[in-house]
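*Asks:* Compact mmCIF, C-alpha atoms, file run.txt:
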# COMPACT_ATOMS: atom_id res chain seq x y z
CA MET P 1 -20.57 17.66 3.02
CA ASN P 2 -20.10 16.37 -0.56
CA VAL P 3 -19.66 12.65 -1.36
CA LYS P 4 -15.87 12.79 -1.37
CA GLN P 5 -15.89 14.44 2.05
CA TYR P 6 -18.37 11.80 3.20
CA ILE P 7 -16.00 9.00 2.09
CA ALA P 8 -13.07 10.73 3.82
CA ALA P 9 -15.07 11.16 7.05
CA ARG P 10 -16.06 7.47 6.99
CA ALA P 11 -12.41 6.45 6.51
CA ALA P 12 -11.33 8.68 9.40
CA LYS P 13 -13.51 6.58 11.73
CA GLU P 14 -11.20 3.61 11.09
CA LEU P 15 -8.17 5.34 12.61
CA LYS P 16 -7.07 4.49 16.13
CA ASP P 17 -5.22 6.52 18.72
CA GLY P 18 -1.47 6.30 18.10
CA ASP P 19 -1.69 5.09 14.49
CA ILE P 20 1.04 6.05 12.01
CA VAL P 21 -0.97 6.97 8.91
CA ASN P 22 0.00 7.59 5.30
CA LEU P 23 -2.56 9.39 3.14
CA GLY P 24 -2.51 9.12 -0.66
CA ILE P 25 -3.50 11.83 -3.11
CA GLY P 26 -7.16 12.79 -3.73
CA ILE P 27 -9.92 11.64 -1.35
CA PRO P 28 -7.33 10.18 1.11
CA THR P 29 -5.82 13.64 1.62
CA LEU P 30 -9.23 14.87 2.87
CA VAL P 31 -9.22 12.27 5.67
CA ALA P 32 -6.96 14.52 7.76
CA ASP P 33 -9.84 17.01 8.16
CA TYR P 34 -12.14 14.43 9.79
CA ILE P 35 -9.99 12.68 12.39
CA PRO P 36 -11.98 12.65 15.68
CA SER P 37 -10.55 15.00 18.29
CA ASP P 38 -10.03 12.19 20.81
CA VAL P 39 -7.88 10.21 18.36
CA LYS P 40 -4.26 11.30 17.95
CA VAL P 41 -2.54 9.93 14.86
CA PHE P 42 0.81 10.76 13.28
CA LEU P 43 0.80 11.47 9.55
CA HIS P 44 3.71 10.03 7.57
CA SER P 45 4.59 11.47 4.18
CA GLU P 46 6.84 9.29 2.01
CA ASN P 47 9.02 12.20 0.90
CA GLY P 48 10.43 12.21 4.42
CA ILE P 49 8.16 13.60 7.15
CA LEU P 50 6.58 12.09 10.26
CA GLY P 51 4.17 14.48 11.97
CA VAL P 52 2.57 16.39 9.08
CA GLY P 53 0.27 19.21 10.21
CA PRO P 54 -2.44 21.28 8.50
CA THR P 55 -2.05 23.22 5.24
CA PRO P 56 -0.44 26.61 5.92
CA ASP P 57 -2.06 29.92 4.99
CA LEU P 58 -0.40 31.79 2.10
CA GLU P 59 1.94 33.78 4.35
CA HIS P 60 3.36 30.68 6.00
CA ILE P 61 4.16 28.55 2.95
CA ASP P 62 7.68 27.10 3.14
CA GLN P 63 9.06 25.98 -0.25
CA ASN P 64 11.07 23.26 1.46
CA LEU P 65 8.09 21.74 3.24
CA VAL P 66 5.72 19.78 1.02
CA ASN P 67 3.84 16.49 1.23
CA ALA P 68 4.02 13.57 -1.22
CA GLY P 69 1.51 15.36 -3.44
CA LYS P 70 4.00 18.29 -3.58
CA MET P 71 1.50 20.52 -1.74
CA PRO P 72 2.68 22.87 1.03
CA VAL P 73 2.20 21.52 4.56
CA THR P 74 3.22 22.33 8.13
CA VAL P 75 4.66 20.07 10.80
CA LEU P 76 3.49 19.51 14.36
CA GLU P 77 5.52 19.38 17.57
CA GLY P 78 7.40 16.09 17.76
CA SER P 79 7.76 15.79 13.98
CA SER P 80 10.89 14.57 12.24
CA PHE P 81 12.51 14.68 8.80
CA PHE P 82 14.38 11.83 7.12
CA ASP P 83 15.71 10.81 3.72
CA SER P 84 13.76 8.81 1.13
CA ALA P 85 15.58 5.50 1.78
CA SER P 86 14.69 5.71 5.51
CA SER P 87 11.14 6.73 4.67
CA PHE P 88 10.58 3.70 2.44
CA ALA P 89 12.33 1.42 4.92
CA MET P 90 9.63 2.52 7.40
CA ILE P 91 6.95 1.64 4.84
CA ARG P 92 8.37 -1.72 3.65
CA GLY P 93 9.40 -2.65 7.18
CA GLY P 94 5.81 -2.56 8.43
CA HIS P 95 6.16 0.52 10.63
CA VAL P 96 3.24 2.38 9.04
CA SER P 97 -0.05 1.31 10.70
CA VAL P 98 -2.51 2.39 8.02
CA SER P 99 -2.30 3.62 4.43
CA ILE P 100 -5.35 5.15 2.81
CA LEU P 101 -5.12 4.98 -0.97
CA GLY P 102 -7.09 5.92 -4.06
CA VAL P 103 -7.70 3.31 -6.79
CA LEU P 104 -8.57 2.87 -10.44
CA GLN P 105 -9.96 -0.67 -9.95
CA ILE P 106 -10.43 -3.30 -7.24
CA ASP P 107 -10.93 -6.99 -8.08
CA ALA P 108 -13.09 -9.66 -6.44
CA LYS P 109 -10.15 -10.77 -4.26
CA GLY P 110 -9.48 -7.24 -3.01
CA ARG P 111 -6.39 -6.61 -5.11
CA ILE P 112 -6.07 -3.16 -6.67
CA ALA P 113 -4.79 -1.25 -9.68
CA ASN P 114 -3.86 2.36 -8.98
CA TRP P 115 -0.75 3.28 -10.95
CA ALA P 116 -1.19 2.82 -14.70
CA VAL P 117 -3.83 3.00 -17.42
CA PRO P 118 -3.70 0.48 -20.30
CA GLY P 119 -2.83 1.90 -23.69
CA LYS P 120 -0.96 4.88 -22.28
CA SER P 121 2.79 5.21 -21.72
CA VAL P 122 3.56 4.02 -18.20
CA LEU P 123 5.90 6.67 -16.86
CA GLY P 124 5.01 7.02 -13.21
CA VAL P 125 4.63 4.69 -10.25
CA GLY P 126 5.88 6.76 -7.30
CA GLY P 127 5.35 5.11 -3.92
CA ALA P 128 2.10 3.26 -4.79
CA MET P 129 3.62 -0.23 -4.83
CA ASP P 130 5.73 0.32 -1.69
CA LEU P 131 2.75 1.58 0.35
CA LEU P 132 0.51 -1.27 -0.69
CA GLU P 133 3.16 -3.90 -0.03
CA GLY P 134 4.38 -2.66 3.32
CA SER P 135 1.59 -0.95 5.26
CA LYS P 136 0.07 -3.03 8.07
CA LYS P 137 -3.46 -2.10 7.03
CA VAL P 138 -4.61 -0.68 3.70
CA ILE P 139 -7.89 1.18 3.29
CA VAL P 140 -9.11 2.16 -0.15
CA THR P 141 -11.30 5.24 -0.58
CA THR P 142 -12.95 5.70 -3.95
CA MET P 143 -16.08 6.57 -5.87
CA HIS P 144 -17.99 3.34 -6.54
CA THR P 145 -18.09 4.00 -10.31
CA ASN P 146 -15.75 5.82 -12.69
CA SER P 147 -16.59 8.92 -14.75
CA GLN P 148 -18.19 6.71 -17.41
CA GLY P 149 -20.47 5.17 -14.78
CA GLU P 150 -18.64 1.81 -14.87
CA SER P 151 -18.09 -0.16 -11.68
CA LYS P 152 -14.60 0.24 -10.21
CA ILE P 153 -15.15 -3.01 -8.28
CA VAL P 154 -14.60 -5.60 -11.00
CA LYS P 155 -14.35 -9.39 -11.37
CA GLU P 156 -10.84 -9.15 -12.83
CA LEU P 157 -8.54 -6.17 -13.18
CA THR P 158 -8.19 -4.78 -16.69
CA TYR P 159 -5.66 -2.19 -15.47
CA PRO P 160 -2.13 -3.27 -14.42
CA ILE P 161 -2.06 -4.64 -10.87
CA THR P 162 -0.17 -2.65 -8.19
CA SER P 163 0.67 -5.56 -5.88
CA GLU P 164 -0.49 -9.10 -5.18
CA ARG P 165 -1.29 -7.94 -1.66
CA LYS P 166 -5.00 -7.47 -0.98
CA VAL P 167 -6.37 -4.34 0.68
CA ASP P 168 -8.24 -4.65 3.99
CA LEU P 169 -11.20 -2.29 3.65
CA ILE P 170 -12.95 -0.58 0.71
CA ILE P 171 -14.93 2.60 1.38
CA THR P 172 -16.97 4.08 -1.49
CA ASP P 173 -19.71 6.68 -1.73
CA LEU P 174 -22.25 3.83 -1.69
CA ALA P 175 -20.94 1.16 0.65
CA VAL P 176 -18.17 -0.34 2.76
CA PHE P 177 -16.64 -3.77 2.02
CA ALA P 178 -14.24 -5.75 4.17
CA VAL P 179 -11.76 -7.97 2.31
CA LYS P 180 -11.48 -11.52 3.65
CA LYS P 181 -9.88 -14.74 2.44
CA ASP P 182 -12.95 -15.66 0.39
CA GLY P 183 -13.37 -12.20 -1.16
CA LEU P 184 -15.38 -9.05 -0.56
CA HIS P 185 -17.94 -8.76 2.23
CA LEU P 186 -20.50 -5.95 2.20
CA ILE P 187 -20.58 -4.58 5.73
CA GLU P 188 -22.36 -1.26 5.38
CA LEU P 189 -24.53 0.87 3.09
CA SER P 190 -24.19 4.64 2.99
CA PRO P 191 -27.22 6.61 4.24
CA GLY P 192 -29.99 6.63 1.65
CA VAL P 193 -28.36 3.99 -0.54
CA SER P 194 -30.25 0.78 -1.31
CA PHE P 195 -28.79 -2.71 -1.40
CA GLU P 196 -30.12 -3.03 -4.96
CA GLU P 197 -28.13 0.01 -6.10
CA VAL P 198 -24.91 -1.41 -4.67
CA GLN P 199 -25.62 -4.78 -6.26
CA GLN P 200 -26.29 -3.15 -9.63
CA LYS P 201 -23.15 -0.99 -9.54
CA THR P 202 -20.76 -3.70 -8.31
CA ASP P 203 -19.40 -5.98 -11.09
CA ALA P 204 -17.49 -8.27 -8.73
CA PRO P 205 -19.41 -10.87 -6.73
CA PHE P 206 -19.50 -10.18 -3.00
CA HIS P 207 -20.73 -11.74 0.23
CA ILE P 208 -23.05 -10.09 2.68
CA ALA P 209 -21.46 -9.91 6.09
CA GLU P 210 -23.38 -11.32 9.07
CA SER P 211 -23.08 -7.99 10.82
CA PHE P 212 -24.54 -6.22 7.79
CA ASN P 213 -27.02 -3.58 8.80
CA LYS P 214 -28.96 -1.98 6.00
CA GLY P 215 -30.12 0.89 8.15
CA LYS P 216 -26.80 1.69 9.79
CA GLU P 217 -26.26 5.42 9.76
CA VAL P 218 -22.85 7.00 9.57
CA THR P 219 -22.54 10.34 11.23
CA ALA P 220 -19.42 12.29 10.46
CA MET Q 221 42.26 22.82 0.23
CA SER Q 222 38.89 24.35 -0.56
CA LYS Q 223 36.06 22.43 -2.17
CA LEU Q 224 34.32 25.66 -3.15
CA ILE Q 225 33.95 26.19 -6.92
CA THR Q 226 31.50 28.03 -9.21
CA CYS Q 227 28.53 26.39 -10.94
CA GLU Q 228 30.25 26.98 -14.28
CA GLU Q 229 33.42 25.22 -13.11
CA ALA Q 230 31.31 22.41 -11.71
CA VAL Q 231 29.42 21.60 -14.90
CA LYS Q 232 32.64 21.72 -17.00
CA LYS Q 233 33.51 18.42 -15.32
CA VAL Q 234 30.42 16.79 -16.83
CA LYS Q 235 30.92 15.19 -20.26
CA SER Q 236 28.31 14.18 -22.83
CA GLY Q 237 27.10 10.67 -22.08
CA SER Q 238 27.67 11.01 -18.33
CA ARG Q 239 25.39 9.26 -15.85
CA ILE Q 240 24.22 11.83 -13.31
CA MET Q 241 22.16 11.54 -10.13
CA VAL Q 242 20.15 14.67 -9.40
CA GLY Q 243 18.52 15.22 -6.00
CA GLY Q 244 15.01 16.51 -5.38
CA PHE Q 245 11.38 15.52 -5.01
CA GLY Q 246 9.91 17.60 -7.81
CA LEU Q 247 11.68 20.95 -7.52
CA VAL Q 248 11.98 20.66 -3.73
CA GLY Q 249 15.58 19.87 -2.79
CA SER Q 250 16.70 20.03 -6.42
CA PRO Q 251 20.06 21.77 -7.22
CA LEU Q 252 18.50 24.36 -9.51
CA SER Q 253 21.64 26.51 -10.03
CA LEU Q 254 23.70 23.50 -11.11
CA ILE Q 255 20.91 22.38 -13.43
CA ALA Q 256 20.70 25.88 -14.93
CA ALA Q 257 24.47 25.82 -15.57
CA LEU Q 258 24.15 22.38 -17.18
CA ALA Q 259 21.41 23.77 -19.43
CA GLN Q 260 23.85 26.53 -20.55
CA SER Q 261 26.49 23.95 -21.47
CA GLU Q 262 26.81 21.86 -24.62
CA VAL Q 263 26.61 18.45 -22.90
CA LYS Q 264 24.10 15.98 -24.26
CA ASP Q 265 23.16 12.28 -24.18
CA LEU Q 266 22.93 12.48 -20.39
CA GLU Q 267 21.59 9.60 -18.37
CA ILE Q 268 19.72 11.12 -15.43
CA ILE Q 269 18.83 9.27 -12.22
CA SER Q 270 16.24 11.38 -10.41
CA ASN Q 271 12.79 10.81 -8.90
CA ASN Q 272 11.21 13.16 -11.46
CA LEU Q 273 12.36 15.27 -14.41
CA GLY Q 274 11.20 18.64 -13.11
CA GLU Q 275 8.26 20.44 -14.63
CA PRO Q 276 7.87 21.76 -18.20
CA GLY Q 277 10.73 24.25 -18.63
CA ARG Q 278 11.67 24.14 -14.91
CA GLY Q 279 14.47 22.27 -13.16
CA LEU Q 280 15.45 19.13 -15.07
CA GLY Q 281 12.52 19.91 -17.40
CA VAL Q 282 14.83 22.42 -19.14
CA LEU Q 283 17.29 19.64 -20.06
CA VAL Q 284 14.40 17.56 -21.41
CA ARG Q 285 13.14 20.48 -23.51
CA GLN Q 286 16.66 21.06 -24.90
CA LYS Q 287 16.98 17.34 -25.71
CA GLN Q 288 20.06 16.88 -23.50
CA VAL Q 289 18.66 13.73 -21.83
CA LYS Q 290 19.11 10.32 -23.45
CA LYS Q 291 17.75 8.20 -20.64
CA ALA Q 292 16.03 8.76 -17.30
CA ILE Q 293 15.79 6.39 -14.34
CA GLY Q 294 13.25 7.39 -11.69
CA SER Q 295 9.82 6.77 -10.19
CA TYR Q 296 7.43 9.46 -11.39
CA PHE Q 297 7.77 11.27 -14.71
CA THR Q 298 4.09 11.89 -15.48
CA SER Q 299 4.18 15.25 -13.68
CA ASN Q 300 6.07 16.61 -16.71
CA PRO Q 301 4.02 16.09 -19.92
CA GLU Q 302 7.09 16.96 -22.02
CA VAL Q 303 8.80 13.81 -20.71
CA VAL Q 304 5.82 11.75 -21.85
CA LYS Q 305 5.97 13.35 -25.31
CA SER Q 306 9.74 12.96 -25.57
CA TYR Q 307 9.40 9.28 -24.65
CA GLN Q 308 6.61 8.71 -27.18
CA ASP Q 309 8.70 10.45 -29.87
CA LYS Q 310 11.52 8.02 -28.98
CA GLU Q 311 13.90 10.87 -28.18
CA MET Q 312 14.40 9.54 -24.68
CA ASP Q 313 14.39 6.21 -22.90
CA VAL Q 314 12.81 5.76 -19.47
CA GLU Q 315 13.34 3.18 -16.73
CA LEU Q 316 10.72 3.18 -14.00
CA LEU Q 317 11.35 1.99 -10.43
CA PRO Q 318 9.08 2.11 -7.38
CA GLN Q 319 10.21 5.07 -5.29
CA GLY Q 320 11.38 2.96 -2.36
CA THR Q 321 13.25 0.55 -4.64
CA MET Q 322 14.96 3.47 -6.35
CA SER Q 323 16.07 5.13 -3.11
CA GLU Q 324 17.30 1.82 -1.70
CA ALA Q 325 19.17 1.01 -4.95
CA ILE Q 326 21.05 4.30 -4.61
CA ARG Q 327 21.75 3.57 -0.94
CA ALA Q 328 23.02 0.10 -1.90
CA GLY Q 329 25.21 1.62 -4.63
CA GLY Q 330 26.79 3.99 -2.14
CA ALA Q 331 27.22 1.27 0.47
CA GLY Q 332 29.10 -1.10 -1.81
CA LEU Q 333 26.36 -3.72 -1.97
CA GLY Q 334 25.61 -5.89 -4.98
CA GLY Q 335 21.88 -5.25 -4.80
CA PHE Q 336 18.97 -6.58 -2.78
CA TYR Q 337 15.69 -8.50 -2.94
CA THR Q 338 12.43 -6.66 -2.33
CA PRO Q 339 8.79 -7.78 -2.32
CA VAL Q 340 7.78 -4.45 -3.83
CA SER Q 341 6.66 -4.76 -7.49
CA ALA Q 342 6.76 -8.61 -7.43
CA GLY Q 343 4.09 -9.92 -9.78
CA THR Q 344 3.64 -6.56 -11.55
CA LYS Q 345 4.56 -5.19 -14.97
CA ILE Q 346 7.58 -3.40 -13.49
CA ALA Q 347 9.14 -6.70 -12.40
CA GLU Q 348 8.57 -8.50 -15.71
CA ASN Q 349 12.23 -9.02 -16.58
CA LYS Q 350 13.62 -9.24 -13.07
CA GLU Q 351 14.97 -12.26 -11.23
CA GLU Q 352 12.40 -13.60 -8.79
CA ARG Q 353 13.06 -15.52 -5.59
CA ILE Q 354 10.80 -16.80 -2.80
CA ILE Q 355 12.13 -15.68 0.58
CA ASN Q 356 10.29 -16.86 3.74
CA GLY Q 357 7.35 -17.82 1.55
CA LYS Q 358 7.11 -14.42 -0.08
CA LYS Q 359 7.82 -13.48 -3.68
CA ASN Q 360 10.74 -11.05 -3.99
CA VAL Q 361 12.48 -9.45 -6.98
CA PHE Q 362 16.16 -8.65 -7.33
CA GLN Q 363 17.22 -5.03 -7.72
CA GLU Q 364 20.73 -4.07 -8.80
CA PRO Q 365 22.49 -1.14 -7.11
CA LEU Q 366 22.58 2.29 -8.77
CA ASN Q 367 25.78 4.30 -9.14
CA ALA Q 368 26.71 7.31 -11.27
CA HIS Q 369 29.62 9.38 -12.56
CA PHE Q 370 28.25 12.50 -10.90
CA ALA Q 371 25.77 13.40 -8.17
CA LEU Q 372 24.36 16.93 -8.19
CA ILE Q 373 22.71 17.42 -4.84
CA LYS Q 374 21.12 20.24 -2.84
CA ALA Q 375 21.74 20.90 0.84
CA ASN Q 376 20.95 23.80 3.13
CA LYS Q 377 24.33 24.39 4.77
CA ALA Q 378 27.87 23.16 4.21
CA ASP Q 379 30.97 23.87 6.21
CA HIS Q 380 34.26 24.32 4.33
CA LEU Q 381 35.08 20.63 4.75
CA GLY Q 382 31.85 19.65 2.99
CA ASN Q 383 29.78 18.44 5.94
CA LEU Q 384 26.14 18.93 5.02
CA ILE Q 385 22.78 19.54 6.65
CA TYR Q 386 19.46 19.76 4.83
CA ASN Q 387 16.23 21.72 5.08
CA LYS Q 388 12.98 19.89 6.01
CA SER Q 389 11.50 17.83 3.15
CA ALA Q 390 14.22 19.11 0.78
CA ARG Q 391 16.40 16.31 2.16
CA ASN Q 392 14.68 13.47 0.19
CA PHE Q 393 17.11 11.65 -2.16
CA ASN Q 394 20.11 13.95 -1.58
CA PRO Q 395 21.86 12.10 1.28
CA MET Q 396 21.87 8.77 -0.61
CA MET Q 397 23.00 10.34 -3.87
CA ALA Q 398 25.91 11.93 -2.00
CA THR Q 399 27.21 8.41 -1.35
CA ALA Q 400 26.73 6.79 -4.76
CA ALA Q 401 28.66 8.80 -7.38
CA ASP Q 402 32.32 9.17 -8.41
CA VAL Q 403 32.13 12.96 -8.16
CA VAL Q 404 29.68 14.63 -5.76
CA ILE Q 405 28.85 18.31 -6.16
CA ALA Q 406 26.68 19.89 -3.47
CA GLU Q 407 24.76 23.11 -4.09
CA VAL Q 408 24.08 24.90 -0.80
CA ASP Q 409 22.24 28.00 0.43
CA GLU Q 410 25.06 28.91 2.80
CA ILE Q 411 28.64 28.00 3.73
CA VAL Q 412 29.76 28.25 7.34
CA GLU Q 413 33.07 27.82 9.15
CA VAL Q 414 34.17 24.34 10.20
CA GLY Q 415 32.86 23.70 13.72
CA GLN Q 416 29.71 25.73 13.29
CA ILE Q 417 27.58 22.68 12.50
CA SER Q 418 27.28 20.33 15.47
CA PRO Q 419 28.60 16.80 14.81
CA GLU Q 420 25.21 15.58 16.11
CA GLU Q 421 23.41 17.47 13.36
CA ILE Q 422 25.53 16.59 10.33
CA VAL Q 423 23.59 14.35 7.96
CA THR Q 424 26.19 13.92 5.21
CA PRO Q 425 29.79 13.68 6.53
CA HIS Q 426 32.33 15.51 4.38
CA LEU Q 427 34.11 12.42 3.02
CA TYR Q 428 31.29 12.02 0.51
CA VAL Q 429 31.45 15.56 -0.88
CA ASP Q 430 33.99 16.58 -3.56
CA TYR Q 431 32.86 20.09 -4.46
CA ILE Q 432 30.56 22.76 -3.06
CA VAL Q 433 28.81 25.50 -5.01
CA VAL Q 434 26.68 28.28 -3.57
CA LYS Q 435 23.15 28.69 -4.93
CA GLU Q 436 22.86 31.56 -7.46
CA GLY Q 437 19.83 33.85 -7.38
CA ASN Q 438 16.67 31.95 -6.56
Could you write out this structure as structure tokens?

*Replies:*
Amino acid sequence: MNVKQYIAARAAKELKDGDIVNLGIGIPTLVADYIPSDVKVFLHSENGILGVGPTPDLEHIDQNLVNAGKMPVTVLEGSSFFDSASSFAMIRGGHVSVSILGVLQIDAKGRIANWAVPGKSVLGVGGAMDLLEGSKKVIVTTMHTNSQGESKIVKELTYPITSERKVDLIITDLAVFAVKKDGLHLIELSPGVSFEEVQQKTDAPFHIAESFNKGKEVTA
Amino acid sequence: MSKLITCEEAVKKVKSGSRIMVGGFGLVGSPLSLIAALAQSEVKDLEIISNNLGEPGRGLGVLVRQKQVKKAIGSYFTSNPEVVKSYQDKEMDVELLPQGTMSEAIRAGGAGLGGFYTPVSAGTKIAENKEERIINGKKNVFQEPLNAHFALIKANKADHLGNLIYNKSARNFNPMMATAADVVIAEVDEIVEVGQISPEEIVTPHLYVDYIVVKEGN
């Protein structure tokens, strides 16, 4: 299992039986592969599907059946199709239990930037703002640092904010943070990762949760 | 009275400067035969309302490449690098809306509403010049409805009256766009006799649809 798969597997443990789940592009998409067999969730795709199934093999690709990342998918028994206005009414209306999203940055309050990069033309937002605003619970899955080695968990966002709404849980390759009223709380270290490493690679200040267990192993 | 016309006849109705809604999420559920006919025509300065502008040289991307688009309103244009270039070269203007706000604005346009307030995008760059209002303690922004001169949509089946059903995730923006334009032209895979689509299955009732064209080639 590589680190991205590890993050996805850790996120999958947060899902509960019966949850309606929307998965963003990138690491979040991988979460579908790690949902425990005793947990049944229903995957929502904002382009108008409830009940997304696994990726089809080449022979079974249907051009009219794609997910929000425009990749071919299948549907499971009990699935439904609907138009985009209905789909986003479900999201804004609080009918999606959990959204798992990728991010560019997270600030000390747990607010995120995930739609635009400063200095570049801003020509795409998609459903990022809707999902963050409307989902009952938002989990962020991300590498702890960017490709330049800089912390993605920052004191203040330098990228444009996606919503004033805070996320609920941050899962990186190094650690897990819960977002509370007073900011970020470290609740878990990944196997083999030291507290010092997390401290060094996290620009934002954070609390250490009472339940924090340095030795807690995650098996996926 | 038949609503059935050819793609060529359909696009002759479109004039330069028209505001046109075009269905599809990427190329899925996009009326590709109508777009191809539009690309063969001389019309320019089009204002396109669509989630994306196709891919380079595909779908609406052809109209971008041929510089037929003056302005685009949608949610995600970065999937076509030629749109980014065209915007940077100031050949084209772009208005960005969150996907849910865009689809609801089209729905509101078709339903005769004067707009709506939404919490989505409040406090962000996208809402910079929009009216803000606190509703039940929450910051909301006002969104005006969207309407157009034409809607070019894609459905799976039509009957001769213009009742439509769609195919899986190719439904996307098409049903709302069918309600929000002066002239609605539906491209379909197949036309069937009236009565062959169950009233329980019809997604777009025929009163919304002015013309039907049958998809050409692939």

*Asks:* May I have the residues of chain Q within 9 Å of chain P, counting all atoms listed in the file, written as JSON, numbers by chain?

*Replies:* {"Q": [245, 246, 248, 249, 271, 272, 294, 295, 296, 297, 298, 299, 303, 304, 307, 308, 314, 315, 316, 317, 318, 319, 320, 321, 322, 323, 324, 325, 326, 327, 338, 339, 340, 341, 342, 343, 344, 345, 387, 388, 389, 390, 391, 392, 393, 394, 395, 396]}

*Asks:* Identify the residues around (-7.5, -0.5, -9.1) within a radius of 9 Å, measuring from only C-alpha atoms in the coordinates stated by the file, and give them as an MDAnalysis selection string.

*Replies:* chainID P and resid 102:107 111:115 152:154 157:162

*Asks:* With all atoms of segment 168-175 of chain P from the file as input, state the centre and edge lengths in Å to one decimal of the axis-aligned box that has 5 Å extra on each side, as JSON.

*Replies:*
{"center_x": -15.2, "center_y": 1.0, "center_z": 1.1, "size_x": 24.0, "size_y": 21.3, "size_z": 15.7}

*Asks:* Give the answer as one residue: which of P:His95, P:Leu23, P:Asp173, P:Leu15 has the shortest atom-to-atom distance to Val193 of chain P, using only C-alpha atoms?

*Replies:*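 Nearest to Val193 of chain P: P:Asp173.
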
*Asks:* Taking into account only C-alpha atoms, which residue in the set P:Ile25, P:Ile171, P:Val41, P:Val3 is nearest to Leu189 of chain P?

*Replies:*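 Ranking P:Ile25, P:Ile171, P:Val41, P:Val3 by distance to Leu189 of chain P, first place goes to P:Ile171.
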
*Asks:* Dump N, CA and C atoms of segment 164-179 of chain P from the given block, as an mmCIF file, in the first residue's frame.

*Replies:*
data_model
loop_
_atom_site.group_PDB
_atom_site.id
_atom_site.type_symbol
_atom_site.label_atom_id
_atom_site.label_comp_id
_atom_site.auth_asym_id
_atom_site.auth_seq_id
_atom_site.Cartn_x
_atom_site.Cartn_y
_atom_site.Cartn_z
ATOM 1 N N GLU P 164 -16.438 29.604 4.062
ATOM 2 C CA GLU P 164 -16.138 29.944 5.454
ATOM 3 C C GLU P 164 -16.395 28.755 6.375
ATOM 4 N N ARG P 165 -17.058 27.737 5.862
ATOM 5 C CA ARG P 165 -17.326 26.542 6.654
ATOM 6 C C ARG P 165 -16.025 25.762 6.912
ATOM 7 N N LYS P 166 -15.858 25.318 8.147
ATOM 8 C CA LYS P 166 -14.685 24.532 8.500
ATOM 9 C C LYS P 166 -14.925 23.061 8.163
ATOM 10 N N VAL P 167 -13.840 22.342 7.880
ATOM 11 C CA VAL P 167 -13.980 20.895 7.695
ATOM 12 C C VAL P 167 -14.033 20.235 9.078
ATOM 13 N N ASP P 168 -14.328 18.937 9.118
ATOM 14 C CA ASP P 168 -14.462 18.247 10.408
ATOM 15 C C ASP P 168 -13.239 17.410 10.773
ATOM 16 N N LEU P 169 -12.596 16.829 9.765
ATOM 17 C CA LEU P 169 -11.478 15.921 10.033
ATOM 18 C C LEU P 169 -10.446 16.068 8.915
ATOM 19 N N ILE P 170 -9.163 16.059 9.301
ATOM 20 C CA ILE P 170 -8.075 16.174 8.319
ATOM 21 C C ILE P 170 -7.219 14.913 8.425
ATOM 22 N N ILE P 171 -7.102 14.196 7.319
ATOM 23 C CA ILE P 171 -6.300 12.961 7.322
ATOM 24 C C ILE P 171 -5.148 13.148 6.334
ATOM 25 N N THR P 172 -3.915 13.104 6.843
ATOM 26 C CA THR P 172 -2.751 13.222 5.951
ATOM 27 C C THR P 172 -1.941 11.940 6.024
ATOM 28 N N ASP P 173 -0.843 11.907 5.282
ATOM 29 C CA ASP P 173 0.045 10.746 5.338
ATOM 30 C C ASP P 173 0.736 10.640 6.699
ATOM 31 N N LEU P 174 0.790 11.745 7.437
ATOM 32 C CA LEU P 174 1.516 11.746 8.711
ATOM 33 C C LEU P 174 0.612 11.662 9.942
ATOM 34 N N ALA P 175 -0.579 12.249 9.850
ATOM 35 C CA ALA P 175 -1.377 12.391 11.072
ATOM 36 C C ALA P 175 -2.853 12.614 10.768
ATOM 37 N N VAL P 176 -3.649 12.569 11.843
ATOM 38 C CA VAL P 176 -5.071 12.899 11.738
ATOM 39 C C VAL P 176 -5.371 14.026 12.732
ATOM 40 N N PHE P 177 -6.077 15.064 12.262
ATOM 41 C CA PHE P 177 -6.491 16.173 13.111
ATOM 42 C C PHE P 177 -8.009 16.279 13.091
ATOM 43 N N ALA P 178 -8.585 16.506 14.265
ATOM 44 C CA ALA P 178 -10.008 16.852 14.330
ATOM 45 C C ALA P 178 -10.090 18.372 14.390
ATOM 46 N N VAL P 179 -11.123 18.944 13.789
ATOM 47 C CA VAL P 179 -11.308 20.393 13.822
ATOM 48 C C VAL P 179 -12.379 20.718 14.864
#
